[in-house]
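K.L.:
Quick one, data-v1.cif (mmCIF, C-alpha atoms):
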```cif
data_my_file
#
loop_
_atom_site.label_atom_id
_atom_site.label_comp_id
_atom_site.auth_asym_id
_atom_site.auth_seq_id
_atom_site.Cartn_x
_atom_site.Cartn_y
_atom_site.Cartn_z
CA MET A 1 -16.90 -26.78 -33.46
CA LYS A 2 -18.37 -23.37 -32.66
CA ARG A 3 -20.92 -25.03 -30.36
CA LYS A 4 -18.14 -26.82 -28.49
CA ILE A 5 -16.17 -23.61 -28.02
CA PHE A 6 -19.30 -21.73 -26.93
CA GLY A 7 -20.17 -24.52 -24.50
CA LEU A 8 -16.66 -24.50 -23.09
CA LEU A 9 -16.83 -20.73 -22.53
CA ILE A 10 -20.15 -21.12 -20.71
CA PHE A 11 -18.69 -23.89 -18.54
CA ILE A 12 -15.66 -21.80 -17.63
CA THR A 13 -17.82 -18.77 -16.80
CA VAL A 14 -20.21 -20.81 -14.62
CA TRP A 15 -17.32 -22.61 -12.91
CA ALA A 16 -15.51 -19.33 -12.21
CA ALA A 17 -18.68 -17.75 -10.86
CA GLY A 18 -19.16 -20.75 -8.60
CA ALA A 19 -15.61 -20.46 -7.30
CA VAL A 20 -16.17 -16.79 -6.49
CA CYS A 21 -19.55 -17.39 -4.86
CA GLY A 22 -17.91 -19.90 -2.54
CA ALA A 23 -15.46 -17.27 -1.31
CA ARG A 24 -17.54 -16.01 1.60
CA GLU A 25 -14.59 -16.84 3.86
CA LEU A 26 -11.00 -15.76 3.47
CA ARG A 27 -7.82 -17.52 4.52
CA VAL A 28 -5.50 -14.84 5.89
CA ALA A 29 -1.96 -15.85 6.83
CA LEU A 30 -1.13 -14.37 10.24
CA VAL A 31 2.15 -16.19 10.88
CA GLN A 32 4.36 -17.58 8.12
CA GLY A 33 8.00 -18.56 8.00
CA GLN A 34 8.38 -18.22 11.77
CA PHE A 35 9.60 -20.88 14.18
CA ASN A 36 7.08 -20.16 16.92
CA ALA A 37 3.93 -18.25 17.81
CA GLN A 38 1.94 -17.59 20.95
CA LEU A 39 -1.70 -18.46 21.63
CA GLU A 40 -3.25 -16.63 24.55
CA ALA A 41 -6.64 -17.98 25.65
CA GLU A 42 -8.72 -16.10 28.22
CA GLU A 43 -11.26 -18.93 28.10
CA ALA A 44 -11.25 -22.60 27.18
CA PHE A 45 -11.25 -23.33 23.44
CA SER A 46 -11.75 -26.22 21.05
CA LEU A 47 -9.02 -27.90 19.04
CA ARG A 48 -9.74 -30.23 16.13
CA THR A 49 -7.00 -32.51 14.83
CA ALA A 50 -6.40 -33.59 11.24
CA GLN A 51 -7.90 -36.94 12.18
CA GLY A 52 -11.18 -35.29 13.24
CA LYS A 53 -10.73 -35.62 17.00
CA VAL A 54 -12.05 -32.65 19.00
CA LEU A 55 -10.28 -31.63 22.21
CA THR A 56 -11.04 -28.97 24.82
CA VAL A 57 -8.03 -26.91 25.84
CA GLU A 58 -8.08 -24.90 29.05
CA GLU A 59 -7.37 -21.18 29.25
CA GLY A 60 -3.76 -20.05 29.40
CA LYS A 61 -0.75 -19.11 27.28
CA TYR A 62 0.57 -21.67 24.83
CA PHE A 63 3.53 -21.63 22.49
CA LEU A 64 3.34 -23.22 19.06
CA HIS A 65 6.33 -24.64 17.22
CA VAL A 66 7.28 -27.52 14.93
CA GLU A 67 9.29 -30.60 15.91
CA GLU A 68 10.16 -33.22 13.31
CA GLY A 69 7.18 -32.25 11.18
CA GLU A 70 4.69 -32.29 14.06
CA ILE A 71 2.90 -29.27 15.52
CA VAL A 72 3.60 -28.76 19.21
CA LEU A 73 1.10 -26.85 21.36
CA GLY A 74 2.37 -26.64 24.90
CA ASP A 75 3.29 -30.25 25.66
CA ARG A 76 0.98 -31.82 23.05
CA HIS A 77 2.13 -33.07 19.65
CA PHE A 78 -0.12 -33.26 16.57
CA LYS A 79 0.39 -34.81 13.18
CA GLY A 80 -1.02 -32.75 10.35
CA LYS A 81 -2.99 -29.54 10.43
CA ILE A 82 -4.95 -28.48 13.54
CA THR A 83 -7.94 -26.15 13.76
CA VAL A 84 -8.51 -23.83 16.72
CA GLU A 85 -12.06 -22.64 17.35
CA ALA A 86 -13.82 -20.72 20.09
CA ALA A 87 -15.91 -22.88 22.42
CA GLU A 88 -19.65 -22.20 22.52
CA GLY A 89 -20.17 -18.61 23.66
CA LYS A 90 -16.42 -18.09 24.21
CA LYS A 91 -13.66 -16.06 22.59
CA LEU A 92 -11.08 -17.25 20.09
CA PRO A 93 -7.53 -17.32 21.52
CA LYS A 94 -5.30 -14.39 20.61
CA VAL A 95 -2.40 -14.93 18.23
CA ASN A 96 0.72 -13.02 19.23
CA ARG A 97 -1.50 -10.75 21.36
CA ARG A 98 -3.95 -9.90 18.57
CA SER A 99 -7.65 -10.82 18.56
CA TYR A 100 -9.41 -12.34 15.55
CA ARG A 101 -12.84 -13.51 14.45
CA GLY A 102 -13.57 -16.88 12.89
CA SER A 103 -11.18 -19.77 13.46
CA LEU A 104 -7.48 -20.55 13.19
CA GLN A 105 -5.66 -23.21 11.24
CA VAL A 106 -2.12 -24.21 12.13
CA ALA A 107 0.11 -26.14 9.72
CA ALA A 108 3.79 -27.02 9.53
CA GLN A 109 5.84 -25.78 6.61
CA GLY A 110 9.13 -27.56 7.04
CA GLN A 111 10.36 -26.43 10.45
CA THR A 112 8.29 -23.23 10.44
CA LEU A 113 4.65 -22.42 11.16
CA LEU A 114 1.77 -21.26 9.03
CA VAL A 115 -1.08 -19.86 11.14
CA THR A 116 -4.11 -18.87 9.08
CA ASN A 117 -7.23 -17.01 10.16
CA ILE A 118 -10.40 -18.32 8.50
CA VAL A 119 -12.61 -15.24 8.62
CA ASP A 120 -15.86 -14.08 7.05
CA LEU A 121 -15.26 -11.70 4.15
CA GLU A 122 -17.42 -8.92 5.61
CA ALA A 123 -15.80 -9.23 9.05
CA TYR A 124 -12.42 -8.99 7.36
CA LEU A 125 -13.45 -5.67 5.82
CA TYR A 126 -14.37 -4.32 9.27
CA SER A 127 -10.66 -4.38 10.07
CA VAL A 128 -8.94 -3.46 6.80
CA LEU A 129 -11.16 -0.61 5.58
CA PRO A 130 -10.96 1.95 8.48
CA PRO A 131 -7.26 2.80 7.92
CA LYS A 132 -8.06 3.68 4.30
CA THR A 133 -10.91 6.11 4.97
CA MET A 134 -12.57 8.35 7.58
CA PRO A 135 -15.95 7.90 9.30
CA VAL A 136 -16.86 11.54 8.57
CA TRP A 137 -16.49 11.12 4.82
CA PRO A 138 -19.59 10.91 2.59
CA ASP A 139 -21.33 7.53 2.75
CA GLU A 140 -21.10 7.02 -1.02
CA VAL A 141 -17.33 7.41 -0.91
CA ILE A 142 -16.96 4.87 1.89
CA LYS A 143 -19.30 2.47 0.04
CA ALA A 144 -17.12 2.75 -3.07
CA GLN A 145 -14.05 1.96 -0.98
CA ALA A 146 -15.83 -1.02 0.61
CA VAL A 147 -16.73 -2.48 -2.79
CA ALA A 148 -13.17 -1.94 -4.05
CA ALA A 149 -11.69 -3.65 -0.97
CA ARG A 150 -14.13 -6.57 -1.27
CA SER A 151 -13.28 -6.95 -4.96
CA TYR A 152 -9.56 -6.96 -4.26
CA ALA A 153 -9.95 -9.60 -1.52
CA LEU A 154 -12.07 -11.80 -3.80
CA TYR A 155 -9.53 -11.41 -6.60
CA GLN A 156 -6.78 -12.62 -4.28
CA ALA A 157 -8.95 -15.52 -3.09
CA TYR A 158 -9.60 -16.52 -6.69
CA ILE A 159 -6.02 -16.45 -7.95
CA HIS A 160 -4.74 -18.19 -4.78
CA ARG A 161 -7.54 -20.75 -4.58
CA ASP A 162 -5.05 -23.63 -4.90
CA ASP A 163 -2.53 -22.15 -2.44
CA ALA A 164 -2.26 -22.47 1.33
CA TYR A 165 -3.84 -19.03 1.93
CA ASP A 166 -5.54 -16.19 0.07
CA LEU A 167 -3.84 -13.11 1.51
CA SER A 168 -1.13 -12.27 3.99
CA ALA A 169 -1.93 -10.14 7.04
CA ASN A 170 0.76 -7.71 5.88
CA ASP A 171 -0.70 -7.41 2.37
CA GLU A 172 0.34 -4.03 0.97
CA GLU A 173 -3.17 -3.13 -0.21
CA LEU A 174 -5.16 -4.41 2.79
CA PRO A 175 -3.04 -4.77 5.95
CA TYR A 176 -4.96 -6.88 8.50
CA GLU A 177 -4.67 -6.48 12.28
CA GLY A 178 -7.70 -8.46 13.46
CA ARG A 179 -10.60 -7.19 15.53
CA GLY A 180 -11.09 -4.64 18.30
CA PRO A 181 -12.55 -1.18 19.07
CA ARG A 182 -9.28 0.49 18.10
CA LEU A 183 -9.51 -1.03 14.62
CA GLU A 184 -13.21 -1.11 13.75
CA LYS A 185 -15.43 1.94 13.26
CA TYR A 186 -19.24 1.78 13.35
CA ALA A 187 -19.84 4.28 10.51
CA ILE A 188 -17.50 2.37 8.22
CA SER A 189 -18.98 -1.01 9.19
CA SER A 190 -22.41 0.40 8.28
CA ALA A 191 -21.18 1.25 4.77
CA ILE A 192 -19.81 -2.28 4.48
CA HIS A 193 -23.23 -3.69 5.45
CA ALA A 194 -24.93 -1.41 2.91
CA THR A 195 -22.89 -3.00 0.10
CA GLU A 196 -22.73 -6.54 1.51
CA GLY A 197 -21.58 -9.08 -1.05
CA ILE A 198 -21.23 -6.56 -3.88
CA TYR A 199 -17.99 -6.58 -5.84
CA LEU A 200 -16.54 -5.30 -9.12
CA ALA A 201 -16.33 -7.83 -11.94
CA ASP A 202 -14.24 -7.66 -15.08
CA ARG A 203 -15.55 -8.50 -18.56
CA ASP A 204 -15.06 -12.22 -17.83
CA GLY A 205 -17.23 -12.00 -14.72
CA LEU A 206 -14.29 -12.47 -12.36
CA PRO A 207 -13.43 -10.18 -9.43
CA ALA A 208 -11.44 -7.13 -10.44
CA GLU A 209 -8.11 -6.42 -8.78
CA ALA A 210 -9.44 -3.12 -7.46
CA VAL A 211 -6.26 -1.62 -6.03
CA THR A 212 -6.57 1.83 -4.48
CA THR A 213 -4.38 4.77 -3.58
CA SER A 214 -4.65 7.56 -1.02
CA SER A 215 -4.20 10.28 -3.66
CA SER A 216 -2.66 10.39 -7.11
CA GLY A 217 -1.43 13.94 -7.51
CA GLY A 218 -3.98 14.91 -10.16
CA ARG A 219 -4.18 11.85 -12.41
CA THR A 220 -4.19 8.14 -11.66
CA GLU A 221 -1.55 5.80 -13.01
CA ALA A 222 -2.39 3.06 -15.48
CA GLY A 223 -2.09 -0.56 -14.31
CA GLU A 224 -1.66 -3.95 -15.92
CA HIS A 225 -5.42 -4.60 -16.15
CA TYR A 226 -7.53 -2.91 -18.83
CA TYR A 227 -9.79 -1.37 -16.16
CA LEU A 228 -6.86 0.32 -14.39
CA LYS A 229 -6.70 3.22 -16.82
CA SER A 230 -5.21 6.64 -16.17
CA VAL A 231 -8.12 8.97 -15.36
CA PRO A 232 -8.40 12.52 -13.98
CA ASP A 233 -8.32 12.69 -10.20
CA TYR A 234 -9.91 15.22 -7.86
CA ASP A 235 -7.58 15.05 -4.88
CA GLU A 236 -6.85 18.77 -4.48
CA ASP A 237 -7.65 18.59 -0.74
CA ALA A 238 -5.38 15.62 -0.06
CA PRO A 239 -2.76 16.31 2.65
CA GLU A 240 -0.05 14.79 0.42
CA ARG A 241 -1.17 16.46 -2.82
CA GLU A 242 2.20 18.25 -2.77
CA TRP A 243 5.09 17.30 -0.50
CA GLU A 244 8.81 17.90 -0.07
CA ARG A 245 11.70 16.03 1.49
CA ARG A 246 15.29 17.21 2.00
CA VAL A 247 17.99 14.63 2.53
CA ALA A 248 21.79 14.66 2.67
CA PRO A 249 23.57 12.78 -0.16
CA PHE A 250 25.68 10.80 2.34
CA LEU A 251 22.45 9.37 3.83
CA VAL A 252 21.35 8.18 0.39
CA GLN A 253 24.80 6.67 -0.13
CA GLY A 254 24.53 4.79 3.17
CA LEU A 255 21.05 3.47 2.40
CA LEU A 256 22.22 2.29 -1.02
CA GLU A 257 25.06 0.37 0.60
CA GLN A 258 22.64 -1.28 3.05
CA ARG A 259 20.66 -2.57 0.08
CA GLY A 260 23.70 -4.00 -1.65
CA HIS A 261 24.50 -1.08 -3.96
CA ASP A 262 28.12 -0.42 -2.96
CA ILE A 263 29.03 2.30 -5.44
CA GLY A 264 31.34 4.25 -3.13
CA LYS A 265 31.14 7.98 -2.63
CA LEU A 266 28.07 9.34 -4.43
CA GLN A 267 28.97 11.61 -7.36
CA SER A 268 25.79 12.05 -9.40
CA ILE A 269 22.13 11.04 -9.79
CA ARG A 270 20.37 10.70 -13.13
CA LEU A 271 16.60 11.30 -13.32
CA SER A 272 14.76 13.05 -16.15
CA PRO A 273 12.76 16.10 -15.01
CA LEU A 274 9.06 15.81 -14.27
CA ARG A 275 8.28 19.50 -14.34
CA GLY A 276 9.87 22.06 -16.59
CA THR A 277 9.59 25.75 -17.44
CA LYS A 278 8.17 27.62 -20.42
CA GLU A 279 11.70 28.06 -21.72
CA ARG A 280 12.65 24.40 -21.15
CA PRO A 281 9.71 21.97 -20.93
CA ALA A 282 10.11 18.74 -18.99
CA GLN A 283 11.57 15.93 -21.07
CA TRP A 284 10.41 12.60 -19.70
CA GLY A 285 12.71 9.74 -20.43
CA ALA A 286 12.41 5.99 -20.22
CA ASP A 287 13.01 6.33 -16.48
CA ARG A 288 9.44 7.59 -15.98
CA SER A 289 6.01 6.11 -16.67
CA VAL A 290 4.35 7.29 -19.86
CA THR A 291 1.00 8.26 -18.35
CA THR A 292 1.90 10.32 -15.27
CA GLY A 293 5.67 10.48 -15.07
CA ARG A 294 6.09 8.33 -11.97
CA VAL A 295 9.69 7.30 -11.45
CA LYS A 296 10.50 3.86 -12.86
CA TYR A 297 14.20 3.99 -11.99
CA LEU A 298 17.11 6.29 -11.07
CA ILE A 299 20.81 5.94 -11.94
CA PHE A 300 23.30 6.53 -9.11
CA THR A 301 27.00 6.95 -9.94
CA GLY A 302 29.77 6.73 -7.38
CA GLU A 303 33.54 6.36 -7.24
CA LYS A 304 33.27 2.56 -7.50
CA GLY A 305 30.55 2.20 -10.09
CA THR A 306 26.91 2.71 -11.04
CA ALA A 307 23.62 1.36 -9.67
CA ARG A 308 20.18 1.37 -11.24
CA VAL A 309 17.52 1.56 -8.51
CA SER A 310 13.77 1.31 -9.08
CA GLY A 311 11.57 4.21 -8.11
CA GLU A 312 9.72 1.96 -5.67
CA GLU A 313 12.94 0.89 -3.94
CA PHE A 314 14.04 4.52 -3.66
CA ARG A 315 10.61 5.40 -2.23
CA GLN A 316 10.96 2.68 0.39
CA MET A 317 14.54 3.73 1.20
CA LEU A 318 13.49 7.25 2.13
CA ASP A 319 9.88 6.47 3.14
CA LEU A 320 8.52 8.82 0.46
CA ALA A 321 4.78 9.22 -0.09
CA SER A 322 4.88 8.16 -3.75
CA THR A 323 7.12 7.71 -6.79
CA LEU A 324 5.73 10.84 -8.46
CA PHE A 325 8.55 13.27 -7.71
CA ASP A 326 11.22 15.58 -9.05
CA LEU A 327 14.78 15.77 -7.79
CA GLU A 328 17.08 18.74 -7.27
CA SER A 329 20.54 18.97 -5.76
CA GLY A 330 22.57 21.85 -4.39
CA LEU A 331 23.21 23.93 -1.32
CA PRO A 332 20.16 25.06 0.67
CA VAL A 333 19.43 28.76 0.17
CA PRO A 334 18.70 30.72 3.38
CA GLU A 335 15.37 32.50 3.62
CA SER A 336 17.10 35.68 4.87
CA ILE A 337 20.48 37.14 5.76
CA GLU A 338 21.36 39.01 8.93
CA VAL A 339 22.99 42.46 8.48
CA PRO A 340 24.32 44.75 11.23
CA ILE A 341 22.77 48.15 12.01
CA SER A 342 25.20 50.96 12.88
CA ASN A 343 24.57 54.35 14.47
CA TYR A 344 25.85 57.74 13.29
CA TRP A 345 29.32 57.09 14.74
CA GLY A 346 29.64 53.62 13.09
CA ALA A 347 29.01 51.63 16.23
CA GLU A 348 26.92 48.47 15.82
CA VAL A 349 23.61 48.87 17.65
CA GLY A 350 21.62 45.89 16.35
CA HIS A 351 20.83 43.49 13.52
CA LYS A 352 18.21 43.22 10.83
CA ASP A 353 17.00 40.18 8.80
CA ILE A 354 16.65 40.89 5.09
CA PRO A 355 14.57 38.26 3.19
CA ILE A 356 16.09 36.66 0.13
CA LYS A 357 13.81 36.39 -2.89
CA ILE A 358 14.57 33.68 -5.44
CA ASN A 359 12.93 32.93 -8.74
CA PRO A 360 11.76 29.32 -8.29
CA ASN A 361 12.06 28.74 -12.03
CA GLU A 362 15.77 29.53 -12.11
CA ASP A 363 17.83 26.34 -12.21
CA PRO A 364 21.60 26.06 -11.69
CA VAL A 365 23.53 26.82 -14.87
CA TRP A 366 25.02 23.31 -15.08
CA LYS A 367 21.52 21.85 -15.50
CA ASP A 368 21.44 23.31 -18.99
CA VAL A 369 24.16 20.85 -20.01
CA GLU A 370 21.90 17.81 -19.74
CA ALA A 371 18.44 17.70 -18.20
CA GLY A 372 18.12 15.33 -15.29
CA TYR A 373 21.85 15.04 -14.51
CA HIS A 374 22.39 15.98 -10.84
CA LEU A 375 26.00 16.43 -9.74
CA ILE A 376 26.91 15.88 -6.08
CA SER A 377 29.62 18.13 -4.59
CA ASP A 378 31.84 17.63 -1.54
CA ASN A 379 30.08 20.35 0.44
CA LYS A 380 28.78 18.92 3.73
CA ASP A 381 25.78 21.29 3.63
CA GLU A 382 24.54 20.04 0.27
CA LYS A 383 21.01 18.60 0.18
CA LEU A 384 18.86 16.67 -2.23
CA LEU A 385 15.43 18.27 -2.55
CA ILE A 386 12.67 15.84 -3.50
CA LYS A 387 9.39 17.47 -4.54
CA GLY A 388 6.51 15.06 -4.98
CA SER A 389 2.77 14.65 -5.41
CA GLY A 390 0.22 12.17 -4.12
CA LYS A 391 0.45 9.24 -1.74
CA GLY A 392 0.48 5.58 -2.68
CA SER A 393 0.74 3.74 -5.98
CA GLY A 394 -1.51 6.20 -7.82
CA ARG A 395 -3.50 3.29 -9.32
CA GLY A 396 -7.22 2.64 -9.03
CA LEU A 397 -9.67 4.46 -6.80
CA SER A 398 -8.10 7.52 -5.20
CA CYS A 399 -9.58 7.89 -1.72
CA TRP A 400 -9.15 11.65 -1.55
CA GLY A 401 -9.99 11.95 -5.24
CA ALA A 402 -13.28 10.06 -4.82
CA ARG A 403 -14.12 12.39 -1.95
CA GLY A 404 -13.34 15.44 -4.10
CA LEU A 405 -15.32 14.05 -7.04
CA TYR A 406 -18.38 13.43 -4.84
CA ASN A 407 -18.15 16.82 -3.11
CA GLY A 408 -18.21 18.42 -6.56
CA ASN A 409 -21.48 16.62 -7.36
CA THR A 410 -23.36 15.14 -4.40
CA LYS A 411 -25.85 13.41 -6.73
CA LEU A 412 -23.19 10.84 -7.59
CA THR A 413 -23.53 7.32 -6.20
CA TYR A 414 -20.84 4.87 -5.23
CA GLU A 415 -21.54 3.12 -8.53
CA ASP A 416 -20.63 6.36 -10.36
CA LEU A 417 -17.39 6.71 -8.40
CA LEU A 418 -16.36 3.14 -9.14
CA ALA A 419 -17.22 3.53 -12.83
CA HIS A 420 -14.89 6.53 -13.01
CA TYR A 421 -11.88 4.81 -11.46
CA TYR A 422 -12.44 1.30 -12.88
CA PRO A 423 -13.90 1.84 -16.37
CA GLY A 424 -15.17 -1.30 -18.06
CA THR A 425 -16.11 -3.14 -14.85
CA TYR A 426 -19.61 -3.81 -13.51
CA LEU A 427 -21.16 -4.74 -10.18
CA ARG A 428 -21.99 -8.30 -9.17
CA SER A 429 -23.23 -9.83 -5.95
CA LEU A 430 -22.13 -13.00 -4.16
#
```
Show this structure as structure tokens.
P.N.:
Amino acid sequence: MKRKIFGLLIFITVWAAGAVCGARELRVALVQGQFNAQLEAEEAFSLRTAQGKVLTVEEGKYFLHVEEGEIVLGDRHFKGKITVEAAEGKKLPKVNRRSYRGSLQVAAQGQTLLVTNIVDLEAYLYSVLPPKTMPVWPDEVIKAQAVAARSYALYQAYIHRDDAYDLSANDEELPYEGRGPRLEKYAISSAIHATEGIYLADRDGLPAEAVTTSSSGGRTEAGEHYYLKSVPDYDEDAPEREWERRVAPFLVQGLLEQRGHDIGKLQSIRLSPLRGTKERPAQWGADRSVTTGRVKYLIFTGEKGTARVSGEEFRQMLDLASTLFDLESGLPVPESIEVPISNYWGAEVGHKDIPIKINPNEDPVWKDVEAGYHLISDNKDEKLLIKGSGKGSGRGLSCWGARGLYNGNTKLTYEDLLAHYYPGTYLRSL
């Protein structure tokens, strides 16, 4: 019995490794759930039908749509999936004015289109990695980011191997815009070449879901995988290490209504404090994550009722940098007050600004009643002050943190950086 189980484990491991090794190409969905799309060909291109027939299509603009289950390209109708390829020495047609490498597959999904770009994994990284890093950063940092991005893409290809595509072009982790000088950077492509085919594997030998973040605010957040542990970060130089946002309560009320939370006039917000004082330490509640205190949810109360909103939804509502934030409410305090200056006879001869100094640790008296309970008044000048840290999910490799870690010890390699942010993984090669 033990031999059978051992043999089965070996078979699964070998099969999984084979599935990963075959993932040199990715299927990236460019158009999905749309009724039409545009192909713009500067040169003639090849079109292969589901029946294996190869056609040459002249240059020009063509509109794709679906009629009665058939794909329509211009005035031609096709049954089943079609493949669009560049002719010998020519360019691939643009899709909705964007250029891509590889080939295109077009399929009907009901009455809508699915246009997929079949692209080499390394070429895909040329496009998705530059927005996450900078060419002037240390090579080892960029290499670590390249390996993480490759691992994430392979993970998606593995778990979606039986689906119509591996990733969407608007994937939150790796948004994909195709090819072009505006998108691709030579220094970053060089780092991709230097790590070609290398990815992070978990203890089962499968690609790790190596999600990343711009900066974490001092400590990364734990994730659902064992290798996404909360570890110290070194992102002190990150532009969004500390940030603030002021917003009027009526704006929050309006955004809640747009998302289906019709609670009427906003009266209070409940969120346990992230930071406290020596006299009253912060008391995290169930509304924050255990490891770093990121907001899991907030409670909004209005005249009509109450709404529980996730921290991520609130972040999206206000376009905040992260869910690691504190919340304060009240009237904005002026930085100074203007007082008149009078002469000897009492006549006003000018004005003078006197700065107002406030102890930042002094909270409104009503906050002592219950921590995290923020009342909203009727004053039109009232503001919500949101003080936050970090940018992104806070999970996995922190781009600015990896840079700070390397700058603190330039003997580190990209392997060292990856080991810090994804403990328990190891490197494999396709």
K.L.:
Let me know the residues the PyMOL selection byres ((chain A and resi 232) around 8) catches in the file above, as a list of chain:residue names.
P.N.:
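In the shown coordinates, the PyMOL selection byres ((chain A and resi 232) around 8) covers A:Gly218, A:Arg219, A:Thr220, A:Ser230, A:Val231, A:Asp233, A:Tyr234.
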K.L.:
Pull the closest atom pair for each residue of range 30-85 of chain A that gets at most 9 Å from range 100-110 of chain A, along with the distance in Å to one decimal, counting only C-alpha atoms, ordering rows by chain and then ascending residue number, as CSV.
P.N.:
```
residue,atom,partner,partner_atom,distance
A:Gln32,CA,A:Gln109,CA,8.5
A:Gly33,CA,A:Gln109,CA,7.7
A:Leu64,CA,A:Val106,CA,8.9
A:His65,CA,A:Ala108,CA,8.4
A:Val66,CA,A:Ala108,CA,6.4
A:Glu68,CA,A:Gly110,CA,8.5
A:Gly69,CA,A:Ala108,CA,6.4
A:Glu70,CA,A:Ala108,CA,7.0
A:Ile71,CA,A:Ala108,CA,6.5
A:Gly80,CA,A:Ala107,CA,6.7
A:Lys81,CA,A:Ala107,CA,4.7
A:Ile82,CA,A:Val106,CA,5.3
A:Thr83,CA,A:Gln105,CA,4.5
A:Val84,CA,A:Leu104,CA,4.9
A:Glu85,CA,A:Ser103,CA,4.9
```
K.L.:
Can you sort out the box for range 178-186 of chain A, edges along x, y and z, all listed atoms in, 8 Å on every side, with centre and edge lengths in Å to one decimal, as AutoDock Vina command-line options?
P.N.:
```
--center_x -13.5 --center_y -3.3 --center_z 16.2 --size_x 27.5 --size_y 26.4 --size_z 21.8
```
K.L.:
What is the CA of Glu221 in chain A to CA of Thr292 in chain A distance in Å?
P.N.:
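Answer for the CA of Glu221 in chain A to CA of Thr292 in chain A separation: 6.1 Å.
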K.L.:
The PyMOL selection byres ((chain A and resi 123) around 10) on the file shown: which residues, as an MDAnalysis selection string?
P.N.:
chainID A and resid 25:26 100:102 119:122 124:128 178:179 184 189 192:193
K.L.:
Could you list, as an MDAnalysis selection string, every residue within 7 Å of Phe63 in chain A, counting all atoms listed in the file and ignoring same-chain residues fewer than 3 positions away?
P.N.:
chainID A and resid 36:39 73:74
K.L.:
Rank nothing, just name the residue among A:Thr112, A:Ser389, A:Thr323, A:Thr195 nearest to Asp287 in chain A, using all atoms listed in the file.
P.N.:
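Answer, going by the shortest atom-to-atom distance: A:Thr323.
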K.L.:
Of the residues A:Gly89, A:Gly264, A:Pro249, A:Gly52, which is the one nearest to Leu385 in chain A, using all atoms listed in the file?
P.N.:
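Result for the nearest residue to Leu385 in chain A: A:Pro249.
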K.L.:
I'd like to see the residues matched by the PyMOL selection byres ((chain A and resi 318) around 10) on this file, and ideally I'd get them as a CSV table (one decimal) with C-alpha atoms, keeping the file's coordinate frame.
P.N.:
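What ended up in result_30.csv:
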```csv
chain,number,residue,atom,x,y,z
A,245,ARG,CA,11.7,16.0,1.5
A,247,VAL,CA,18.0,14.6,2.5
A,251,LEU,CA,22.4,9.4,3.8
A,252,VAL,CA,21.4,8.2,0.4
A,255,LEU,CA,21.0,3.5,2.4
A,313,GLU,CA,12.9,0.9,-3.9
A,314,PHE,CA,14.0,4.5,-3.7
A,315,ARG,CA,10.6,5.4,-2.2
A,316,GLN,CA,11.0,2.7,0.4
A,317,MET,CA,14.5,3.7,1.2
A,319,ASP,CA,9.9,6.5,3.1
A,320,LEU,CA,8.5,8.8,0.5
A,321,ALA,CA,4.8,9.2,-0.1
```
K.L.:
For Met134 in chain A, please output as a ChimeraX atom specification all residues within 10 Å (counting all atoms listed in the file; exclusion window: fewer than 3 positions along the same chain).
P.N.:
/A:129-131,137-138,141-142,185,187-188,399
K.L.:
Restore N, CA and C atoms in range 209-219 of chain A and list the result as an mmCIF file, in the coordinates of the input.
P.N.:
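Saved result, selection12.cif, follows:
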```
data_model
loop_
_atom_site.group_PDB
_atom_site.id
_atom_site.type_symbol
_atom_site.label_atom_id
_atom_site.label_comp_id
_atom_site.auth_asym_id
_atom_site.auth_seq_id
_atom_site.Cartn_x
_atom_site.Cartn_y
_atom_site.Cartn_z
ATOM 1 N N GLU A 209 -9.155 -6.762 -9.738
ATOM 2 C CA GLU A 209 -8.110 -6.420 -8.780
ATOM 3 C C GLU A 209 -8.184 -4.910 -8.521
ATOM 4 N N ALA A 210 -9.126 -4.527 -7.679
ATOM 5 C CA ALA A 210 -9.440 -3.120 -7.460
ATOM 6 C C ALA A 210 -8.477 -2.494 -6.453
ATOM 7 N N VAL A 211 -7.236 -2.296 -6.876
ATOM 8 C CA VAL A 211 -6.260 -1.620 -6.030
ATOM 9 C C VAL A 211 -6.677 -0.171 -5.844
ATOM 10 N N THR A 212 -6.223 0.443 -4.770
ATOM 11 C CA THR A 212 -6.570 1.830 -4.480
ATOM 12 C C THR A 212 -5.321 2.604 -4.097
ATOM 13 N N THR A 213 -5.477 3.905 -4.010
ATOM 14 C CA THR A 213 -4.380 4.770 -3.580
ATOM 15 C C THR A 213 -4.970 5.864 -2.699
ATOM 16 N N SER A 214 -4.158 6.477 -1.872
ATOM 17 C CA SER A 214 -4.650 7.560 -1.020
ATOM 18 C C SER A 214 -4.962 8.787 -1.872
ATOM 19 N N SER A 215 -3.997 9.189 -2.698
ATOM 20 C CA SER A 215 -4.200 10.280 -3.660
ATOM 21 C C SER A 215 -3.192 10.105 -4.780
ATOM 22 N N SER A 216 -3.507 10.641 -5.941
ATOM 23 C CA SER A 216 -2.660 10.390 -7.110
ATOM 24 C C SER A 216 -1.823 11.581 -7.541
ATOM 25 N N GLY A 217 -2.153 12.761 -7.058
ATOM 26 C CA GLY A 217 -1.430 13.940 -7.510
ATOM 27 C C GLY A 217 -2.022 14.556 -8.768
ATOM 28 N N GLY A 218 -3.295 14.279 -9.034
ATOM 29 C CA GLY A 218 -3.980 14.910 -10.160
ATOM 30 C C GLY A 218 -4.435 13.979 -11.250
ATOM 31 N N ARG A 219 -3.774 12.825 -11.383
ATOM 32 C CA ARG A 219 -4.180 11.850 -12.410
ATOM 33 C C ARG A 219 -3.688 10.472 -11.993
#
```
